[in-house]
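File shown here: input-v3.txt, holding compact mmCIF, C-alpha atoms and all ligand atoms.
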# COMPACT_ATOMS: atom_id res chain seq x y z
CA MET A 1 56.54 62.37 72.61
CA ASP A 2 53.25 64.18 72.35
CA GLU A 3 52.51 65.38 68.80
CA TYR A 4 51.84 68.87 70.11
CA ILE A 5 55.24 69.09 71.79
CA LYS A 6 56.88 67.85 68.61
CA ILE A 7 55.48 70.82 66.73
CA TRP A 8 56.82 73.21 69.36
CA ASN A 9 60.18 71.54 69.13
CA TYR A 10 60.10 71.78 65.34
CA ILE A 11 59.24 75.49 65.36
CA ILE A 12 61.93 76.29 67.90
CA MET A 13 64.58 74.44 65.92
CA ASN A 14 63.58 75.56 62.44
CA GLY A 15 61.90 78.94 62.65
CA GLY A 16 63.62 81.69 60.67
CA TYR A 17 65.15 84.54 62.61
CA ASP A 18 67.02 87.79 62.44
CA ASN A 19 66.79 88.37 66.16
CA THR A 20 66.11 86.29 69.28
CA TYR A 21 62.46 87.36 69.80
CA LYS A 22 61.01 83.97 68.96
CA MET A 23 63.11 82.23 71.57
CA ALA A 24 61.99 84.69 74.23
CA TRP A 25 58.40 84.11 73.13
CA ALA A 26 58.69 80.33 73.39
CA LYS A 27 60.46 80.54 76.72
CA ALA A 28 57.83 82.89 78.14
CA VAL A 29 54.89 80.72 77.08
CA VAL A 30 56.53 77.58 78.48
CA GLU A 31 57.42 79.26 81.76
CA LEU A 32 53.92 80.69 82.13
CA SER A 33 52.50 77.22 81.48
CA ILE A 34 54.58 75.82 84.32
CA ALA A 35 53.19 78.48 86.64
CA VAL A 36 49.50 77.75 85.93
CA GLN A 37 47.91 76.72 89.21
CA ASP A 38 44.28 75.95 88.47
CA ARG A 39 44.32 72.89 86.24
CA GLY A 40 40.53 72.47 86.20
CA GLN A 41 39.84 74.97 83.42
CA HIS A 42 38.99 74.30 79.77
CA SER A 43 41.49 76.73 78.40
CA VAL A 44 44.19 79.02 79.67
CA THR A 45 44.85 82.58 78.54
CA PHE A 46 48.11 84.47 78.95
CA THR A 47 48.17 88.21 78.45
CA PHE A 48 50.87 89.85 76.35
CA LYS A 49 51.66 91.89 79.42
CA GLN A 50 52.59 88.72 81.32
CA ILE A 51 54.73 87.65 78.39
CA ALA A 52 56.30 91.10 78.13
CA GLU A 53 57.37 90.89 81.77
CA LYS A 54 59.20 87.67 80.96
CA TYR A 55 60.84 89.27 77.95
CA LEU A 56 62.03 92.16 80.06
CA SER A 57 63.58 89.80 82.59
CA TYR A 58 65.45 87.79 79.93
CA TYR A 59 66.77 90.77 78.04
CA TRP A 60 67.54 92.73 81.19
CA ASN A 61 69.81 89.98 82.53
CA GLN A 62 71.55 89.30 79.23
CA THR A 63 72.11 93.02 78.65
CA ILE A 64 73.07 94.35 82.04
CA TYR A 65 75.77 91.73 82.56
CA PHE A 66 77.11 91.05 79.08
CA ASP A 67 75.42 93.45 76.68
CA LEU A 68 74.80 90.57 74.30
CA VAL A 69 73.75 91.52 70.76
CA GLN A 70 70.28 90.09 70.05
CA GLY A 71 69.89 90.78 66.34
CA SER A 72 71.71 90.38 63.04
CA ASN A 73 71.61 94.07 62.13
CA LEU A 74 74.14 95.92 64.28
CA LYS A 75 72.84 99.28 63.11
CA LYS A 76 69.27 98.55 64.07
CA ILE A 77 68.93 97.23 67.59
CA PRO A 78 65.69 95.23 68.08
CA GLU A 79 63.02 97.49 69.60
CA ILE A 80 62.48 95.31 72.64
CA VAL A 81 66.19 95.40 73.42
CA ASN A 82 66.13 99.17 73.04
CA SER A 83 63.26 99.48 75.51
CA THR A 84 65.16 97.23 77.91
CA LYS A 85 68.32 99.30 77.52
CA ALA A 86 66.42 102.52 78.19
CA LEU A 87 65.11 101.07 81.45
CA ILE A 88 68.59 99.85 82.44
CA GLU A 89 69.95 103.33 81.77
CA GLN A 90 67.27 104.79 84.06
CA TYR A 91 68.22 102.25 86.69
CA HIS A 92 71.91 103.15 86.53
CA LEU A 93 71.13 106.87 86.70
CA THR A 94 68.97 106.34 89.76
CA LYS A 95 71.56 104.18 91.48
CA ARG A 96 74.38 106.46 90.30
CA ASN A 97 76.64 103.58 89.43
CA TYR A 98 77.05 100.95 86.76
CA LEU A 99 76.93 97.88 88.95
CA PRO A 100 74.79 95.20 87.34
CA GLU A 101 71.86 93.70 89.22
CA ARG A 102 69.62 90.78 88.37
CA PHE A 103 66.17 91.78 87.18
CA GLU A 104 64.53 89.65 89.87
CA LYS A 105 66.21 91.72 92.57
CA VAL A 106 65.42 95.20 91.29
CA GLN A 107 62.63 97.00 93.16
CA PHE A 108 61.40 99.33 90.46
CA GLU A 109 58.68 100.89 92.58
CA ARG A 110 60.97 101.67 95.49
CA LEU A 111 63.45 103.27 93.12
CA GLY A 112 60.73 105.49 91.66
CA LEU A 113 60.92 103.68 88.35
CA SER A 114 57.32 102.42 88.10
CA LEU A 115 56.51 104.64 85.14
CA ALA A 116 59.70 103.76 83.27
CA TYR A 117 58.94 100.11 83.93
CA GLN A 118 55.38 100.40 82.59
CA ASP A 119 56.74 102.23 79.54
CA ALA A 120 59.10 99.39 78.77
CA ILE A 121 56.34 96.80 79.18
CA GLY A 122 54.00 98.83 76.96
CA ASN A 123 56.62 99.02 74.22
CA ILE A 124 57.30 95.31 74.39
CA VAL A 125 53.57 94.49 74.17
CA LYS A 126 53.39 96.63 71.03
CA THR A 127 56.17 94.67 69.34
CA LEU A 128 54.66 91.35 70.38
CA LYS A 129 51.36 92.36 68.77
CA LYS A 130 52.71 93.63 65.50
CA ASP A 131 55.49 91.11 65.06
CA VAL A 132 56.38 88.13 67.21
CA CYS A 133 53.06 86.55 68.22
CA TYR A 134 51.99 85.37 64.76
CA ARG A 135 55.40 85.14 63.08
CA PHE A 136 56.35 82.48 65.58
CA LEU A 137 53.68 80.19 64.11
CA ASN A 138 55.07 80.34 60.62
CA VAL A 139 57.89 78.07 59.47
CA GLY A 140 58.83 77.83 55.83
CA GLY A 141 55.49 79.23 54.63
CA ILE A 142 53.39 76.86 56.71
CA THR A 143 51.35 78.12 59.66
CA TYR A 144 51.08 75.90 62.73
CA ASN A 145 48.09 76.86 64.82
CA ILE A 146 49.42 75.78 68.16
CA TYR A 147 47.61 78.54 70.03
CA GLU A 148 44.91 81.12 69.45
CA LEU A 149 45.65 84.79 69.27
CA ASP A 150 43.76 87.94 70.04
CA ARG A 151 46.20 90.45 68.61
CA LYS A 152 44.00 93.43 69.33
CA VAL A 153 43.79 92.92 73.07
CA GLY A 154 47.00 90.94 73.25
CA LEU A 155 46.04 87.45 74.42
CA VAL A 156 47.29 83.92 73.78
CA THR A 157 44.85 81.11 74.50
CA LEU A 158 45.65 77.42 74.73
CA SER A 159 43.54 74.45 75.77
CA ALA A 160 44.22 73.18 79.27
CA ASP A 161 45.57 69.93 77.82
CA ARG A 162 48.15 71.75 75.79
CA VAL A 163 49.25 73.88 78.72
CA ARG A 164 49.64 70.70 80.76
CA GLY A 165 51.74 69.22 77.95
CA LEU A 166 53.99 72.25 77.82
CA ALA A 167 54.49 72.12 81.58
CA GLU A 168 55.17 68.40 81.50
CA TYR A 169 57.79 68.72 78.76
CA SER A 170 59.09 72.05 79.96
CA GLU A 171 62.52 70.79 80.94
CA LEU A 172 63.15 69.46 77.47
CA LEU A 173 61.66 72.49 75.71
CA LEU A 174 63.62 74.99 77.80
CA GLN A 175 66.82 73.16 76.97
CA VAL A 176 66.06 73.28 73.27
CA ILE A 177 65.17 76.98 73.53
CA ASN A 178 68.38 77.81 75.38
CA TYR A 179 70.41 75.82 72.91
CA ARG A 180 68.87 77.59 69.93
CA TRP A 181 69.04 81.01 71.60
CA THR A 182 72.75 80.45 72.28
CA GLN A 183 73.28 79.47 68.65
CA MET A 184 71.68 82.73 67.54
CA LEU A 185 73.82 84.72 69.95
CA GLU A 186 76.92 82.96 68.65
CA SER A 187 76.06 84.22 65.19
CA PHE A 188 75.39 87.82 66.34
CA ASN A 189 78.21 88.29 68.87
CA TYR A 190 81.97 88.22 68.68
CA SER A 191 82.57 88.10 72.40
CA PRO A 192 84.08 84.95 73.87
CA LYS A 193 82.30 82.36 76.02
CA ILE A 194 78.75 83.03 74.83
CA ALA A 195 77.41 79.64 75.92
CA MET A 196 78.97 80.02 79.37
CA LYS A 197 77.48 83.48 79.72
CA VAL A 198 73.99 82.35 78.74
CA ARG A 199 74.16 79.45 81.15
CA ALA A 200 75.43 81.57 84.01
CA ILE A 201 72.52 83.97 83.49
CA ALA A 202 69.93 81.19 83.27
CA GLU A 203 71.24 79.53 86.41
CA GLY A 204 71.65 82.79 88.29
CA LYS A 205 75.30 82.00 88.89
CA ILE A 206 77.07 85.11 87.82
CA ARG A 207 79.53 85.94 90.47
CA ARG A 208 82.56 88.12 90.45
CA ASN A 209 85.55 86.39 91.93
CA ASN A 210 87.58 87.97 94.67
CA LEU A 211 90.67 89.19 92.88
CA SER A 212 92.95 89.60 95.88
CA SER A 213 94.81 86.44 94.88
CA PHE A 214 96.26 88.53 92.05
CA HIS A 215 97.83 91.08 94.43
CA PRO A 216 101.22 89.31 94.72
CA TYR A 217 101.56 89.32 90.93
CA LEU A 218 100.34 92.86 90.38
CA ASP A 219 102.58 94.12 93.18
CA LEU A 220 105.65 93.09 91.17
CA ALA A 221 105.15 96.05 88.87
CA PHE A 222 105.96 98.46 91.72
CA ASP A 223 109.41 98.84 93.18
CA ASN A 224 108.85 100.62 96.48
CA GLY A 225 105.71 98.78 97.52
CA GLU A 226 103.48 101.72 96.76
CA ARG A 227 100.56 100.73 94.57
CA ILE A 228 99.83 103.12 91.72
CA CYS A 229 96.50 103.47 89.96
CA PHE A 230 96.73 102.36 86.35
CA TYR A 231 94.38 105.08 85.17
CA CYS A 232 95.23 108.26 87.08
CA GLN A 233 98.78 107.22 88.07
CA GLN A 234 98.25 108.34 91.66
CA PRO A 235 99.04 106.22 94.73
CA ILE A 236 96.17 104.16 96.15
CA SER A 237 95.50 103.64 99.84
CA ASP A 238 94.54 100.15 100.99
CA GLU A 239 90.91 101.14 101.58
CA ASP A 240 90.57 102.54 98.09
CA LEU A 241 92.30 99.67 96.31
CA SER A 242 90.54 97.62 93.67
CA VAL A 243 91.58 95.30 90.88
CA ASP A 244 90.12 96.26 87.54
CA HIS A 245 89.60 94.46 84.23
CA VAL A 246 90.95 96.76 81.51
CA ILE A 247 88.96 95.01 78.79
CA PRO A 248 85.61 94.80 80.55
CA TRP A 249 84.80 91.71 82.56
CA SER A 250 81.37 91.75 80.92
CA TYR A 251 83.12 91.03 77.65
CA MET A 252 85.82 88.61 78.77
CA PHE A 253 83.85 86.81 81.49
CA SER A 254 87.14 85.68 83.01
CA ASP A 255 89.92 86.93 85.27
CA ASP A 256 93.31 86.97 83.54
CA LEU A 257 96.47 88.50 84.92
CA TRP A 258 97.24 90.10 81.56
CA ASN A 259 93.97 92.05 81.76
CA LEU A 260 94.09 93.07 85.44
CA VAL A 261 95.43 96.30 86.94
CA TYR A 262 95.15 98.26 90.18
CA SER A 263 92.79 101.19 90.24
CA HIS A 264 90.96 103.43 92.68
CA LYS A 265 87.63 101.93 93.70
CA THR A 266 85.72 104.98 92.54
CA GLU A 267 87.18 104.81 89.05
CA ASN A 268 86.37 101.12 88.85
CA SER A 269 82.67 101.40 89.67
CA SER A 270 82.02 104.55 87.66
CA LYS A 271 82.94 103.14 84.28
CA SER A 272 80.48 100.79 82.70
CA ASN A 273 81.23 98.50 79.80
CA ILE A 274 83.08 101.17 77.91
CA SER A 275 85.93 100.01 75.74
CA PRO A 276 89.31 101.49 76.79
CA LEU A 277 91.27 103.99 74.70
CA GLU A 278 94.23 102.86 72.65
CA GLU A 279 96.60 104.77 74.91
CA VAL A 280 95.44 102.57 77.81
CA ILE A 281 95.94 99.45 75.72
CA VAL A 282 99.51 100.45 74.85
CA ARG A 283 100.30 100.97 78.52
CA LEU A 284 98.77 97.60 79.38
CA GLU A 285 101.00 95.91 76.82
CA GLN A 286 104.05 97.60 78.34
CA ARG A 287 102.94 96.70 81.83
CA ASN A 288 102.58 93.05 80.82
CA LYS A 289 106.12 92.94 79.45
CA LEU A 290 107.42 94.47 82.64
CA LEU A 291 105.41 92.03 84.73
CA LYS A 292 106.83 89.12 82.78
CA GLN A 293 110.41 90.27 83.40
CA LYS A 294 109.75 90.82 87.09
CA LEU A 295 108.03 87.47 87.43
CA GLU A 296 111.03 85.73 85.94
CA LYS A 297 113.26 87.28 88.58
CA SER A 298 110.85 86.88 91.48
CA VAL A 299 110.47 84.13 94.06
CA LEU A 300 106.93 83.51 92.90
CA LYS A 301 106.55 80.19 91.17
CA LYS A 302 106.29 80.22 87.40
CA ASP A 303 102.77 78.89 87.63
CA LYS A 304 99.60 79.04 85.56
CA GLN A 305 99.48 82.84 85.83
CA TYR A 306 102.97 83.15 84.41
CA ASP A 307 102.18 80.76 81.56
CA GLN A 308 99.02 82.66 80.67
CA LEU A 309 100.79 86.00 80.80
CA ASN A 310 103.41 84.61 78.48
CA LEU A 311 100.83 83.26 76.09
CA ALA A 312 98.96 86.58 76.11
CA ILE A 313 102.13 88.46 75.15
CA GLU A 314 103.05 85.92 72.50
CA LYS A 315 99.59 85.84 70.96
CA ASP A 316 98.91 89.56 71.33
CA TYR A 317 95.73 88.98 73.36
CA VAL A 318 95.48 92.53 74.69
CA ARG A 319 95.25 94.05 71.25
CA LYS A 320 93.18 91.27 69.71
CA PHE A 321 90.53 91.23 72.43
CA TRP A 322 90.50 95.03 72.55
CA ILE A 323 89.82 95.28 68.81
CA ALA A 324 87.15 92.59 69.03
CA ALA A 325 85.52 94.24 72.05
CA LYS A 326 85.29 97.56 70.22
CA GLY A 327 83.10 95.79 67.66
ZN ZN B 1 93.01 106.41 90.02
Hey, can you dump this file as structure tokens for me?
Ligand SMILES: [Zn+2]
Amino acid sequence: MDEYIKIWNYIIMNGGYDNTYKMAWAKAVVELSIAVQDRGQHSVTFTFKQIAEKYLSYYWNQTIYFDLVQGSNLKKIPEIVNSTKALIEQYHLTKRNYLPERFEKVQFERLGLSLAYQDAIGNIVKTLKKDVCYRFLNVGGITYNIYELDRKVGLVTLSADRVRGLAEYSELLLQVINYRWTQMLESFNYSPKIAMKVRAIAEGKIRRNNLSSFHPYLDLAFDNGERICFYCQQPISDEDLSVDHVIPWSYMFSDDLWNLVYSHKTENSSKSNISPLEEVIVRLEQRNKLLKQKLEKSVLKKDKQYDQLNLAIEKDYVRKFWIAAKG
């Protein structure tokens, strides 16, 4: 392997960290190197603004779907994540719902969010200048000059050869970056399935399953066939019916009978990733016991769903995941 790539690999694997900034930096520079068209130049310069746009896309997607914690200090959220969260909040307010959307699909200008977007980019550039851009080069007290910096204007310059090398080895480097980034997230987050979440984001494969296959199970909790909303306890018409994750899907990243209830559509889409109240948790525990009894008497097969419901009751999943999700 090229000596230059080895140094990148070494920095990615060994650089100190108390947040994930360095991984975003490495990923941005590698991705920008892939995108360079004109290969005839002597050197290539990336602006911090270009890099900041990459940062925003990474943190947007990891935050809006899973609200992943990106730093070791829970009381002090990294500034770049804060800027990203502020923009996401603006987006939700404008759309008047909490449905997540991939960064690549959001039309900030059409939504009247150009200024908010520029604000976020400006803030990110500031942090890159005062923090990330030069810290990245330092591992264990040694500085590796793998690119040139203009911190005042906010520019990274690399020779054309080096950019070509980064593009050529990009597949390998991006894998190492994702691996290391996931490791960091594992140390900052308590939520389950971190690696699966990161991968789903990177591959753009986050999809919500259709939950109608759970209807026959959930229906067992009601005697007269009338479906009742778990939250407001009122009947639900077929058009307004939805299946909701009590402990947020964004946390669990899975569909489990023990965590699913009927609710009105409007109630489902208006709550974001807010952790439920204890009163709700107690009712869910009761519901699960009832569902287990009913399932045992029903004609439905005692299949995987039954086994998992049983396990959840036995192992106290509702309470354990709820406590963990509260943080
Ligand atoms: Zn309701």
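Based on only C-alpha atoms and all ligand atoms, the protein and nucleic acid residues found within 9 Å of ligand ZN 1 (chain B) are, by chain and then by number, A:Ile228, A:Cys229, A:Phe230, A:Tyr231, A:Cys232, A:Gln233, A:Gln234, A:Pro235, A:Ile236, A:Tyr262, A:Ser263, A:His264, A:Lys265, A:Thr266, A:Glu267, A:Asn268.
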Discussion item. One number please: CA of Leu311 (chain A) to CA of Leu185 (chain A), in Å, one decimal.
Written reply: 27.7 Å
Worksheet entry | Contacts of region 170-176 of chain A at 7 Å (all atoms listed in the file; same-chain gap of 2+ positions) as a count of residues only | 9
Discussion item. Which residues are near Trp181 (chain A)? Cut-off 7 Å, only C-alpha atoms, ignore same chain within fewer than 4 positions. Put them as a list in words.
Written reply: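 Counting only C-alpha atoms, the residues come to Thr20, Met23, Ile177 and Leu185 of chain A.
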Neighbour list for Arg287 (chain A) as a compact mmCIF listing (two decimals) with C-alpha atoms, keeping the file's coordinate frame, cut-off 8 Å, all atoms listed in the file, skip fewer than 4 positions in-chain:
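Saved to selection.txt:
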# COMPACT_ATOMS: atom_id res chain seq x y z
CA ALA A 221 105.15 96.05 88.87
CA ARG A 283 100.30 100.97 78.52
CA LEU A 291 105.41 92.03 84.73
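In this model, the gap between CA of Lys294 (chain A) and CA of Leu220 (chain A) comes to 6.2 Å.
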Item to complete: Would you mind telling me which residue in A:Asp18, A:Glu89, A:Asp219, A:Asp67 lies nearest to Tyr117 (chain A) when using all atoms listed in the file?
Response: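 Nearest to Tyr117 (chain A): A:Glu89.
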Response to the item:
Using only C-alpha atoms, the best pick from A:Leu211, A:Ile281, A:Val36, A:Ala202 as closest to Asp255 (chain A) would be A:Leu211
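Interatomic distance, CA of Lys126 (chain A) to CA of Thr47 (chain A): 12.4 Å.
Using all atoms listed in the file, the nearest neighbour of Leu93 (chain A) within the list A:Gly112, A:Gly71, A:Gly16, A:Pro248 is A:Gly112.
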Worksheet item: Taking (83.6, 86.7, 76.5) in the file's coordinates as the center, which residues reach within 8 Å of it, counting all atoms listed in the file, put as a list in words?
Response: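 Counting all atoms listed in the file, I find these residues within 8 Å of (83.6, 86.7, 76.5): Ser191, Pro192, Lys193, Ile194, Lys197, Trp249, Ser250, Tyr251, Met252, Phe253 and Ser254 of chain A.
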Would you mind exporting C-alpha atoms of the selected residues as a JSON list (two decimals), keeping the file's coordinate frame?
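Final output, saved to selection-v4.json:
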[["chain", "number", "residue", "atom", "x", "y", "z"],
["A", 191, "SER", "CA", 82.57, 88.10, 72.40],
["A", 192, "PRO", "CA", 84.08, 84.95, 73.87],
["A", 193, "LYS", "CA", 82.30, 82.36, 76.02],
["A", 194, "ILE", "CA", 78.75, 83.03, 74.83],
["A", 197, "LYS", "CA", 77.48, 83.48, 79.72],
["A", 249, "TRP", "CA", 84.80, 91.71, 82.56],
["A", 250, "SER", "CA", 81.37, 91.75, 80.92],
["A", 251, "TYR", "CA", 83.12, 91.03, 77.65],
["A", 252, "MET", "CA", 85.82, 88.61, 78.77],
["A", 253, "PHE", "CA", 83.85, 86.81, 81.49],
["A", 254, "SER", "CA", 87.14, 85.68, 83.01]]
Worksheet item: For Trp25 (chain A), which residue among A:Arg164, A:Lys289, A:Lys129, A:Lys85 is the nearest when counting all atoms listed in the file?
Response: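 Once distances to Trp25 (chain A) are computed over all atoms listed in the file, the minimum belongs to A:Lys129.
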Got a sec: who's within 9 Å of Phe103 (chain A), counting all atoms listed in the file, leaving out chain neighbours fewer than 5 positions off, as a CSV table (one decimal) with C-alpha atoms, keeping the file's coordinate frame?
chain,number,residue,atom,x,y,z
A,56,LEU,CA,62.0,92.2,80.1
A,57,SER,CA,63.6,89.8,82.6
A,58,TYR,CA,65.4,87.8,79.9
A,60,TRP,CA,67.5,92.7,81.2
A,61,ASN,CA,69.8,90.0,82.5
A,64,ILE,CA,73.1,94.4,82.0
Worksheet entry | Nearest to Ile80 (chain A), chosen from A:Tyr65, A:Arg135, A:Gly40, A:Tyr21, with all atoms listed in the file counted in the distances | A:Tyr21
Would you fill out region 102-112 of chain A with all heavy atoms and return it as a PDB file, keeping the file's coordinate frame?
ATOM      1  N   ARG A 102      70.605  91.664  89.007  1.00  0.00           N
ATOM      2  CA  ARG A 102      69.620  90.780  88.370  1.00  0.00           C
ATOM      3  C   ARG A 102      68.246  91.422  88.376  1.00  0.00           C
ATOM      4  O   ARG A 102      67.847  92.038  89.367  1.00  0.00           O
ATOM      5  CB  ARG A 102      69.541  89.450  89.131  1.00  0.00           C
ATOM      6  CG  ARG A 102      70.423  88.371  88.589  1.00  0.00           C
ATOM      7  CD  ARG A 102      70.084  87.049  89.226  1.00  0.00           C
ATOM      8  NE  ARG A 102      69.104  86.311  88.429  1.00  0.00           N
ATOM      9  CZ  ARG A 102      69.413  85.675  87.312  1.00  0.00           C
ATOM     10  NH1 ARG A 102      70.631  85.681  86.851  1.00  0.00           N
ATOM     11  NH2 ARG A 102      68.493  85.017  86.638  1.00  0.00           N
ATOM     12  N   PHE A 103      67.513  91.231  87.309  1.00  0.00           N
ATOM     13  CA  PHE A 103      66.170  91.780  87.180  1.00  0.00           C
ATOM     14  C   PHE A 103      65.299  91.417  88.378  1.00  0.00           C
ATOM     15  O   PHE A 103      64.580  92.247  88.920  1.00  0.00           O
ATOM     16  CB  PHE A 103      65.531  91.241  85.891  1.00  0.00           C
ATOM     17  CG  PHE A 103      64.124  91.688  85.677  1.00  0.00           C
ATOM     18  CD1 PHE A 103      63.854  92.924  85.125  1.00  0.00           C
ATOM     19  CD2 PHE A 103      63.061  90.874  86.041  1.00  0.00           C
ATOM     20  CE1 PHE A 103      62.552  93.358  84.931  1.00  0.00           C
ATOM     21  CE2 PHE A 103      61.756  91.291  85.853  1.00  0.00           C
ATOM     22  CZ  PHE A 103      61.502  92.533  85.297  1.00  0.00           C
ATOM     23  N   GLU A 104      65.381  90.150  88.790  1.00  0.00           N
ATOM     24  CA  GLU A 104      64.530  89.650  89.870  1.00  0.00           C
ATOM     25  C   GLU A 104      64.755  90.405  91.181  1.00  0.00           C
ATOM     26  O   GLU A 104      63.903  90.386  92.063  1.00  0.00           O
ATOM     27  CB  GLU A 104      64.789  88.157  90.084  1.00  0.00           C
ATOM     28  CG  GLU A 104      64.377  87.265  88.911  1.00  0.00           C
ATOM     29  CD  GLU A 104      65.375  87.268  87.737  1.00  0.00           C
ATOM     30  OE1 GLU A 104      66.406  87.988  87.820  1.00  0.00           O
ATOM     31  OE2 GLU A 104      65.122  86.569  86.743  1.00  0.00           O
ATOM     32  N   LYS A 105      65.901  91.053  91.302  1.00  0.00           N
ATOM     33  CA  LYS A 105      66.210  91.720  92.570  1.00  0.00           C
ATOM     34  C   LYS A 105      65.927  93.225  92.558  1.00  0.00           C
ATOM     35  O   LYS A 105      66.018  93.884  93.591  1.00  0.00           O
ATOM     36  CB  LYS A 105      67.692  91.506  92.908  1.00  0.00           C
ATOM     37  CG  LYS A 105      67.994  90.116  93.388  1.00  0.00           C
ATOM     38  CD  LYS A 105      69.355  90.112  94.054  1.00  0.00           C
ATOM     39  CE  LYS A 105      69.693  88.718  94.558  1.00  0.00           C
ATOM     40  NZ  LYS A 105      71.143  88.585  94.780  1.00  0.00           N
ATOM     41  N   VAL A 106      65.610  93.752  91.396  1.00  0.00           N
ATOM     42  CA  VAL A 106      65.420  95.200  91.290  1.00  0.00           C
ATOM     43  C   VAL A 106      64.012  95.584  91.753  1.00  0.00           C
ATOM     44  O   VAL A 106      63.031  95.009  91.295  1.00  0.00           O
ATOM     45  CB  VAL A 106      65.636  95.688  89.844  1.00  0.00           C
ATOM     46  CG1 VAL A 106      65.392  97.182  89.745  1.00  0.00           C
ATOM     47  CG2 VAL A 106      67.048  95.342  89.378  1.00  0.00           C
ATOM     48  N   GLN A 107      63.935  96.538  92.681  1.00  0.00           N
ATOM     49  CA  GLN A 107      62.630  97.000  93.160  1.00  0.00           C
ATOM     50  C   GLN A 107      62.284  98.305  92.453  1.00  0.00           C
ATOM     51  O   GLN A 107      62.601  99.386  92.947  1.00  0.00           O
ATOM     52  CB  GLN A 107      62.652  97.152  94.660  1.00  0.00           C
ATOM     53  CG  GLN A 107      62.903  95.819  95.354  1.00  0.00           C
ATOM     54  CD  GLN A 107      62.970  95.958  96.855  1.00  0.00           C
ATOM     55  OE1 GLN A 107      63.845  96.626  97.390  1.00  0.00           O
ATOM     56  NE2 GLN A 107      62.026  95.329  97.529  1.00  0.00           N
ATOM     57  N   PHE A 108      61.647  98.168  91.307  1.00  0.00           N
ATOM     58  CA  PHE A 108      61.400  99.330  90.460  1.00  0.00           C
ATOM     59  C   PHE A 108      60.557 100.382  91.179  1.00  0.00           C
ATOM     60  O   PHE A 108      60.823 101.569  91.072  1.00  0.00           O
ATOM     61  CB  PHE A 108      60.726  98.901  89.158  1.00  0.00           C
ATOM     62  CG  PHE A 108      61.646  98.111  88.264  1.00  0.00           C
ATOM     63  CD1 PHE A 108      61.618  96.726  88.265  1.00  0.00           C
ATOM     64  CD2 PHE A 108      62.562  98.755  87.457  1.00  0.00           C
ATOM     65  CE1 PHE A 108      62.479  95.997  87.454  1.00  0.00           C
ATOM     66  CE2 PHE A 108      63.433  98.035  86.650  1.00  0.00           C
ATOM     67  CZ  PHE A 108      63.391  96.651  86.651  1.00  0.00           C
ATOM     68  N   GLU A 109      59.566  99.933  91.921  1.00  0.00           N
ATOM     69  CA  GLU A 109      58.680 100.890  92.580  1.00  0.00           C
ATOM     70  C   GLU A 109      59.433 101.692  93.632  1.00  0.00           C
ATOM     71  O   GLU A 109      59.336 102.904  93.696  1.00  0.00           O
ATOM     72  CB  GLU A 109      57.502 100.130  93.203  1.00  0.00           C
ATOM     73  CG  GLU A 109      56.292 101.013  93.361  1.00  0.00           C
ATOM     74  CD  GLU A 109      55.067 100.209  93.783  1.00  0.00           C
ATOM     75  OE1 GLU A 109      54.928  99.064  93.295  1.00  0.00           O
ATOM     76  OE2 GLU A 109      54.303 100.719  94.604  1.00  0.00           O
ATOM     77  N   ARG A 110      60.221 100.987  94.434  1.00  0.00           N
ATOM     78  CA  ARG A 110      60.970 101.670  95.490  1.00  0.00           C
ATOM     79  C   ARG A 110      61.967 102.673  94.933  1.00  0.00           C
ATOM     80  O   ARG A 110      62.317 103.641  95.581  1.00  0.00           O
ATOM     81  CB  ARG A 110      61.693 100.645  96.373  1.00  0.00           C
ATOM     82  CG  ARG A 110      60.909 100.301  97.625  1.00  0.00           C
ATOM     83  CD  ARG A 110      61.697  99.436  98.568  1.00  0.00           C
ATOM     84  NE  ARG A 110      62.931 100.060  99.051  1.00  0.00           N
ATOM     85  CZ  ARG A 110      63.842  99.407  99.770  1.00  0.00           C
ATOM     86  NH1 ARG A 110      63.667  98.146 100.061  1.00  0.00           N
ATOM     87  NH2 ARG A 110      64.923 100.029 100.193  1.00  0.00           N
ATOM     88  N   LEU A 111      62.469 102.381  93.733  1.00  0.00           N
ATOM     89  CA  LEU A 111      63.450 103.270  93.120  1.00  0.00           C
ATOM     90  C   LEU A 111      62.784 104.420  92.356  1.00  0.00           C
ATOM     91  O   LEU A 111      63.451 105.251  91.757  1.00  0.00           O
ATOM     92  CB  LEU A 111      64.350 102.487  92.152  1.00  0.00           C
ATOM     93  CG  LEU A 111      65.290 101.462  92.787  1.00  0.00           C
ATOM     94  CD1 LEU A 111      65.908 100.566  91.723  1.00  0.00           C
ATOM     95  CD2 LEU A 111      66.387 102.168  93.575  1.00  0.00           C
ATOM     96  N   GLY A 112      61.451 104.443  92.396  1.00  0.00           N
ATOM     97  CA  GLY A 112      60.730 105.490  91.660  1.00  0.00           C
ATOM     98  C   GLY A 112      60.729 105.254  90.169  1.00  0.00           C
ATOM     99  O   GLY A 112      60.637 106.199  89.389  1.00  0.00           O
TER     100      GLY A 112
END
